[in-house]
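Contents: one structure, followed by commentary.
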Amino acid sequence: MASSTHPVQVRRVLTSTPLARQHERSLERGLARKHPRIPFEKFDRAKYPRAALALAHHAQTKLALGEYTAVDLFAHIASAMTLNGVPFDLVAAASSIPHDEIRHADYAMQAARALAGTDPKIEFDAALLRKQWEKPVGIEELDFSMIEVSAVGETLSCALLSACRERAKDPMLQALFAGIVSDEVHHARLGWYYFAWRAPQWSQAERQRVADRVGSLVVGIERRFWHGRDAPPAARKAARALGVLESTGQREAVRCVMEDEIIPALDALGLGSSHAWRIRRRGG
Ligand SMILES: [Fe+2]
Ligand SMILES: [Fe+2]
C-alpha cells in the first residue's frame, strides 16, 4: 500500500500582533547572554562569488529545516517524559528546547534570505514526522529517542556546527554558528544526563534492546555524513568564509566526535557501541 504524504511548506511569517515584537526580542535575548546579535542586515552579497553564496544558502535552508523539525521532536520528547514520569529537571530542560529550536530555525531562515536576497522556503513531509509518534511512547521508546535525537544527534550537530563556526569569517555566519552551538551543547548534555539517571535502572534485557537499536544507528552514521558541500576551486575560500563545510572536513569532524566522545560515552552506558563503530558501513 502506498504510504500517504503530507507536504508542508514553511516561510518565515510572523503575525501582526504584539507577539511578533516579543518574538523578535526573544531572538536577540536568546543570544544576549554570551553572544552579540547576528548582523543580518550588514551582510554584503557582493563580496562573495555566486557559487559560494549558493552553497551557503543551501546549507542554511537545510539547517533551517532541521531546526524547524527539531521543534516537533523535542516537543514529543518533553511530552513523552511527562507521560513516563521522569524527574522534573529533565522535563524542564526538555520542554525549553523547542523554543531554542524555533529561534535557530529563524536565524537560519534570515541568514538564507541574506545569502540569496529572497525569502527562503522550507518543505518537509509532515506525515513522515507524525508516523514516528503514532504509537504511545513508553519508557523504552523514550530511551531510544533520547539516544538518537539528544545524546547522539545533538552531540554530532555540535561537532558539525562547530566545524562551520571555525571556518566562518563572515560576521553574520560567525555569530549565527557561535550562537546556535552554545545552545546545542545543552541539548546534547540533556541526553547524557537523562542516561545518567536512566541507565542504572535498566534490566539486562532492556539494556540489550537499547544496545541493539543503538548499534544499527551507529553503523550507518559515517555514510550518512560522508558528503559535505564542496565548492569549485575558485570559490573554495569564499565558501569557507561563509561557514560551508567541505566533505573532508565533515568526515573528520564526524570521525573525531564519534571516536572521542560519542562511542566512549555509549560504551560507558554498557551499550557496547565500539563494536558497531568498528563494523560500520564505510562511506564513499
Ligand atoms: Fe538547534
Ligand atoms: Fe538542538
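A note on labels: chains of the C-alpha cells are A, B, ... as shown, every chain counts residues from 1, and ligands are counted from 1 in their shown order.
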In region 28-233 of chain A, DSSP alpha helix (DSSP H) residues written as a VMD selection string: chain A and resid 28 to 32 50 to 83 88 to 116 126 to 131 139 to 145 155 to 167 171 to 198 204 to 219 221 to 224
Nearby residues, ligand 2, 6 Å, only C-alpha atoms and all ligand atoms, as number ranges by chain: A: 101, 154, 184, 187
Env. residues ligand 1 / 10 Å / only C-alpha atoms and all ligand atoms / as a ChimeraX atom specification: /A:63-64,66-71,97-105,108,154,157-158,161,179-185,187
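Of the residues under consideration (A:Glu166, A:Glu28, A:Glu140, A:Asp106), A:Glu140 shows the shortest atom-to-atom contact distance to Ala205 (chain A) when counting only C-alpha atoms.
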Spatial neighbours of region 222-227 of chain A, max dist 7 Å, only C-alpha atoms, sep filter under 5 positions, as a list of chain:residue names: A:Ser247, A:Arg251, A:Arg281, A:Arg282, A:Gly283, A:Gly284
CA of Pro171 (chain A) to CA of Arg11 (chain A), distance in Å rounded to a single decimal: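 A separation of 24.3 Å between them.
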Could you give me, as a CSV table (one decimal) with N, CA and C atoms, in the first residue's frame, the residues within 12 Å of Ala199 (chain A), counting only C-alpha atoms and dropping anything in the same chain fewer than 6 positions from it?
```
chain,number,residue,atom,x,y,z
A,139,ILE,N,8.6,4.0,28.1
A,139,ILE,CA,10.0,4.4,28.5
A,139,ILE,C,11.1,3.9,27.6
A,140,GLU,N,10.9,2.7,27.0
A,140,GLU,CA,12.0,2.2,26.2
A,140,GLU,C,12.1,3.0,24.9
A,143,ASP,N,13.8,6.1,25.7
A,143,ASP,CA,15.2,5.8,25.8
A,143,ASP,C,15.9,6.0,24.4
A,144,PHE,N,15.3,5.3,23.4
A,144,PHE,CA,15.9,5.3,22.1
A,144,PHE,C,15.8,6.7,21.5
A,146,MET,N,15.9,9.5,23.0
A,146,MET,CA,16.9,10.3,23.7
A,146,MET,C,18.3,10.0,23.2
A,147,ILE,N,18.6,8.7,22.9
A,147,ILE,CA,19.9,8.4,22.3
A,147,ILE,C,20.0,9.1,20.9
A,191,GLY,N,20.7,14.8,26.9
A,191,GLY,CA,20.7,13.3,26.6
A,191,GLY,C,21.6,12.5,27.5
A,192,TRP,N,22.8,13.0,27.8
A,192,TRP,CA,23.7,12.3,28.6
A,192,TRP,C,23.3,12.3,30.1
A,193,TYR,N,22.7,13.4,30.5
A,193,TYR,CA,22.1,13.5,31.9
A,193,TYR,C,21.0,12.5,32.0
A,206,GLU,N,16.6,-5.0,29.0
A,206,GLU,CA,16.3,-3.6,28.5
A,206,GLU,C,17.6,-3.0,27.9
A,207,ARG,N,18.7,-3.2,28.6
A,207,ARG,CA,20.0,-2.7,28.1
A,207,ARG,C,20.3,-3.3,26.8
A,208,GLN,N,20.1,-4.6,26.6
A,208,GLN,CA,20.4,-5.3,25.4
A,208,GLN,C,19.5,-4.7,24.2
A,210,VAL,N,18.2,-1.7,24.0
A,210,VAL,CA,18.7,-0.4,23.6
A,210,VAL,C,20.0,-0.6,22.8
A,211,ALA,N,20.9,-1.4,23.3
A,211,ALA,CA,22.2,-1.7,22.6
A,211,ALA,C,22.0,-2.1,21.1
A,265,ALA,N,31.2,7.3,25.4
A,265,ALA,CA,30.0,7.5,26.3
A,265,ALA,C,29.0,6.4,26.2
A,266,LEU,N,28.7,5.9,25.0
A,266,LEU,CA,27.8,4.9,24.8
A,266,LEU,C,28.3,3.6,25.4
A,267,ASP,N,29.6,3.3,25.3
A,267,ASP,CA,30.3,2.2,25.9
A,267,ASP,C,30.1,2.2,27.4
A,268,ALA,N,30.3,3.4,27.9
A,268,ALA,CA,30.2,3.6,29.4
A,268,ALA,C,28.8,3.3,29.9
A,269,LEU,N,27.8,3.4,29.0
A,269,LEU,CA,26.4,3.1,29.4
A,269,LEU,C,26.2,1.6,29.3
A,270,GLY,N,27.3,0.8,28.9
A,270,GLY,CA,27.1,-0.6,28.7
A,270,GLY,C,26.5,-1.0,27.4
A,271,LEU,N,26.6,-0.1,26.4
A,271,LEU,CA,25.9,-0.4,25.1
A,271,LEU,C,26.8,-1.0,24.1
```
Gap from CA of Arg240 (chain A) to CA of Ala52 (chain A) - Å, one decimal: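 Straight-line distance from CA of Arg240 (chain A) to CA of Ala52 (chain A) works out to 8.2 Å.
Between Leu190 (chain A) and the candidates A:Leu217, A:Val152, A:Ala94, A:Ala126, the tightest atom-to-atom separation, counting only C-alpha atoms, involves A:Ala94.
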Residue nearest Gly220 (chain A) among A:Pro39, A:Ala234, A:Ile279, A:Val137 (counting only C-alpha atoms):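 Ranking A:Pro39, A:Ala234, A:Ile279, A:Val137 by distance to Gly220 (chain A), first place goes to A:Ile279.
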Distance query region 7-9 of chain A at most 10 Å, only C-alpha atoms, self and fewer than 6 positions along chain excluded, as a ChimeraX atom specification: /A:121-128
Hey, can you spit out that residue selection with all heavy atoms as a compact mmCIF listing (two decimals), in the first residue's frame?
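Listing of again.txt after writing:
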```
# COMPACT_ATOMS: atom_id res chain seq x y z
N LYS A 121 12.17 29.18 1.51
CA LYS A 121 11.01 28.34 1.81
C LYS A 121 11.56 26.96 2.15
O LYS A 121 12.45 26.47 1.45
CB LYS A 121 10.15 28.27 0.54
CG LYS A 121 8.84 27.56 0.71
CD LYS A 121 8.02 27.71 -0.56
CE LYS A 121 8.67 26.98 -1.73
NZ LYS A 121 8.01 27.15 -3.02
N ILE A 122 11.06 26.38 3.22
CA ILE A 122 11.49 25.01 3.52
C ILE A 122 10.29 24.08 3.37
O ILE A 122 9.15 24.52 3.51
CB ILE A 122 12.13 24.88 4.94
CG1 ILE A 122 11.20 25.47 6.02
CG2 ILE A 122 13.48 25.52 4.98
CD1 ILE A 122 11.68 25.23 7.43
N GLU A 123 10.57 22.83 3.08
CA GLU A 123 9.47 21.89 2.85
C GLU A 123 9.79 20.54 3.50
O GLU A 123 10.94 20.12 3.49
CB GLU A 123 9.30 21.69 1.33
CG GLU A 123 8.06 20.88 1.01
CD GLU A 123 7.75 20.86 -0.48
OE1 GLU A 123 8.05 21.85 -1.18
OE2 GLU A 123 7.23 19.83 -0.94
N PHE A 124 8.80 19.93 4.10
CA PHE A 124 9.00 18.61 4.70
C PHE A 124 7.71 17.82 4.62
O PHE A 124 6.64 18.37 4.31
CB PHE A 124 9.47 18.74 6.16
CG PHE A 124 8.52 19.53 7.03
CD1 PHE A 124 7.49 18.91 7.71
CD2 PHE A 124 8.67 20.91 7.14
CE1 PHE A 124 6.62 19.65 8.49
CE2 PHE A 124 7.80 21.66 7.92
CZ PHE A 124 6.77 21.02 8.59
N ASP A 125 7.83 16.52 4.89
CA ASP A 125 6.67 15.63 4.85
C ASP A 125 6.15 15.45 6.28
O ASP A 125 6.73 14.72 7.08
CB ASP A 125 7.07 14.30 4.22
CG ASP A 125 5.89 13.34 4.13
OD1 ASP A 125 4.75 13.74 4.46
OD2 ASP A 125 6.11 12.18 3.73
N ALA A 126 5.04 16.11 6.58
CA ALA A 126 4.50 16.05 7.95
C ALA A 126 4.03 14.64 8.30
O ALA A 126 4.09 14.22 9.46
CB ALA A 126 3.36 17.05 8.11
N ALA A 127 3.58 13.88 7.27
CA ALA A 127 3.11 12.52 7.53
C ALA A 127 4.25 11.66 8.08
O ALA A 127 4.06 10.85 8.99
CB ALA A 127 2.54 11.91 6.26
N LEU A 128 5.44 11.87 7.52
CA LEU A 128 6.61 11.10 7.95
C LEU A 128 6.99 11.45 9.40
O LEU A 128 7.33 10.56 10.19
CB LEU A 128 7.78 11.46 7.01
CG LEU A 128 8.85 10.40 6.80
CD1 LEU A 128 8.25 9.18 6.12
CD2 LEU A 128 9.98 10.98 5.97
```
Best match for closeness to Asp72 (chain A) among A:Gln132, A:Ser274, A:Thr118, A:Gln174, counting only C-alpha atoms: A:Gln132
Atom pair CA of Ala238 (chain A) / CA of Tyr48 (chain A): separation (Å):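 Separating CA of Ala238 (chain A) from CA of Tyr48 (chain A) is a distance of 6.2 Å.
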In region 59-131 of chain A, DSSP strand (DSSP E) residues written as a list in words: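 In region 59-131 of chain A, DSSP puts these residues in strand (DSSP E): Ile122, Glu123, Phe124 and Asp125 of chain A.
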Output the selection as a PDB file, in the first residue's frame - all heavy atoms for each residue.
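Result file follows (selection01.pdb):
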```
ATOM      1  N   ILE A 122      11.064  26.376   3.223  1.00  0.00           N
ATOM      2  CA  ILE A 122      11.493  25.006   3.520  1.00  0.00           C
ATOM      3  C   ILE A 122      10.295  24.084   3.371  1.00  0.00           C
ATOM      4  O   ILE A 122       9.147  24.522   3.505  1.00  0.00           O
ATOM      5  CB  ILE A 122      12.129  24.879   4.935  1.00  0.00           C
ATOM      6  CG1 ILE A 122      11.204  25.467   6.019  1.00  0.00           C
ATOM      7  CG2 ILE A 122      13.485  25.520   4.983  1.00  0.00           C
ATOM      8  CD1 ILE A 122      11.682  25.225   7.433  1.00  0.00           C
ATOM      9  N   GLU A 123      10.569  22.826   3.082  1.00  0.00           N
ATOM     10  CA  GLU A 123       9.474  21.887   2.847  1.00  0.00           C
ATOM     11  C   GLU A 123       9.791  20.538   3.502  1.00  0.00           C
ATOM     12  O   GLU A 123      10.945  20.115   3.493  1.00  0.00           O
ATOM     13  CB  GLU A 123       9.303  21.693   1.332  1.00  0.00           C
ATOM     14  CG  GLU A 123       8.062  20.884   1.010  1.00  0.00           C
ATOM     15  CD  GLU A 123       7.753  20.857  -0.485  1.00  0.00           C
ATOM     16  OE1 GLU A 123       8.049  21.854  -1.180  1.00  0.00           O
ATOM     17  OE2 GLU A 123       7.229  19.831  -0.937  1.00  0.00           O
ATOM     18  N   PHE A 124       8.800  19.933   4.096  1.00  0.00           N
ATOM     19  CA  PHE A 124       9.001  18.608   4.703  1.00  0.00           C
ATOM     20  C   PHE A 124       7.705  17.818   4.618  1.00  0.00           C
ATOM     21  O   PHE A 124       6.639  18.371   4.305  1.00  0.00           O
ATOM     22  CB  PHE A 124       9.473  18.737   6.157  1.00  0.00           C
ATOM     23  CG  PHE A 124       8.524  19.528   7.026  1.00  0.00           C
ATOM     24  CD1 PHE A 124       7.495  18.909   7.711  1.00  0.00           C
ATOM     25  CD2 PHE A 124       8.666  20.908   7.145  1.00  0.00           C
ATOM     26  CE1 PHE A 124       6.619  19.651   8.490  1.00  0.00           C
ATOM     27  CE2 PHE A 124       7.802  21.657   7.918  1.00  0.00           C
ATOM     28  CZ  PHE A 124       6.768  21.022   8.593  1.00  0.00           C
ATOM     29  N   ASP A 125       7.828  16.519   4.886  1.00  0.00           N
ATOM     30  CA  ASP A 125       6.668  15.634   4.848  1.00  0.00           C
ATOM     31  C   ASP A 125       6.145  15.450   6.278  1.00  0.00           C
ATOM     32  O   ASP A 125       6.735  14.725   7.076  1.00  0.00           O
ATOM     33  CB  ASP A 125       7.072  14.298   4.223  1.00  0.00           C
ATOM     34  CG  ASP A 125       5.891  13.335   4.130  1.00  0.00           C
ATOM     35  OD1 ASP A 125       4.750  13.739   4.463  1.00  0.00           O
ATOM     36  OD2 ASP A 125       6.108  12.179   3.730  1.00  0.00           O
TER      37      ASP A 125
END
```
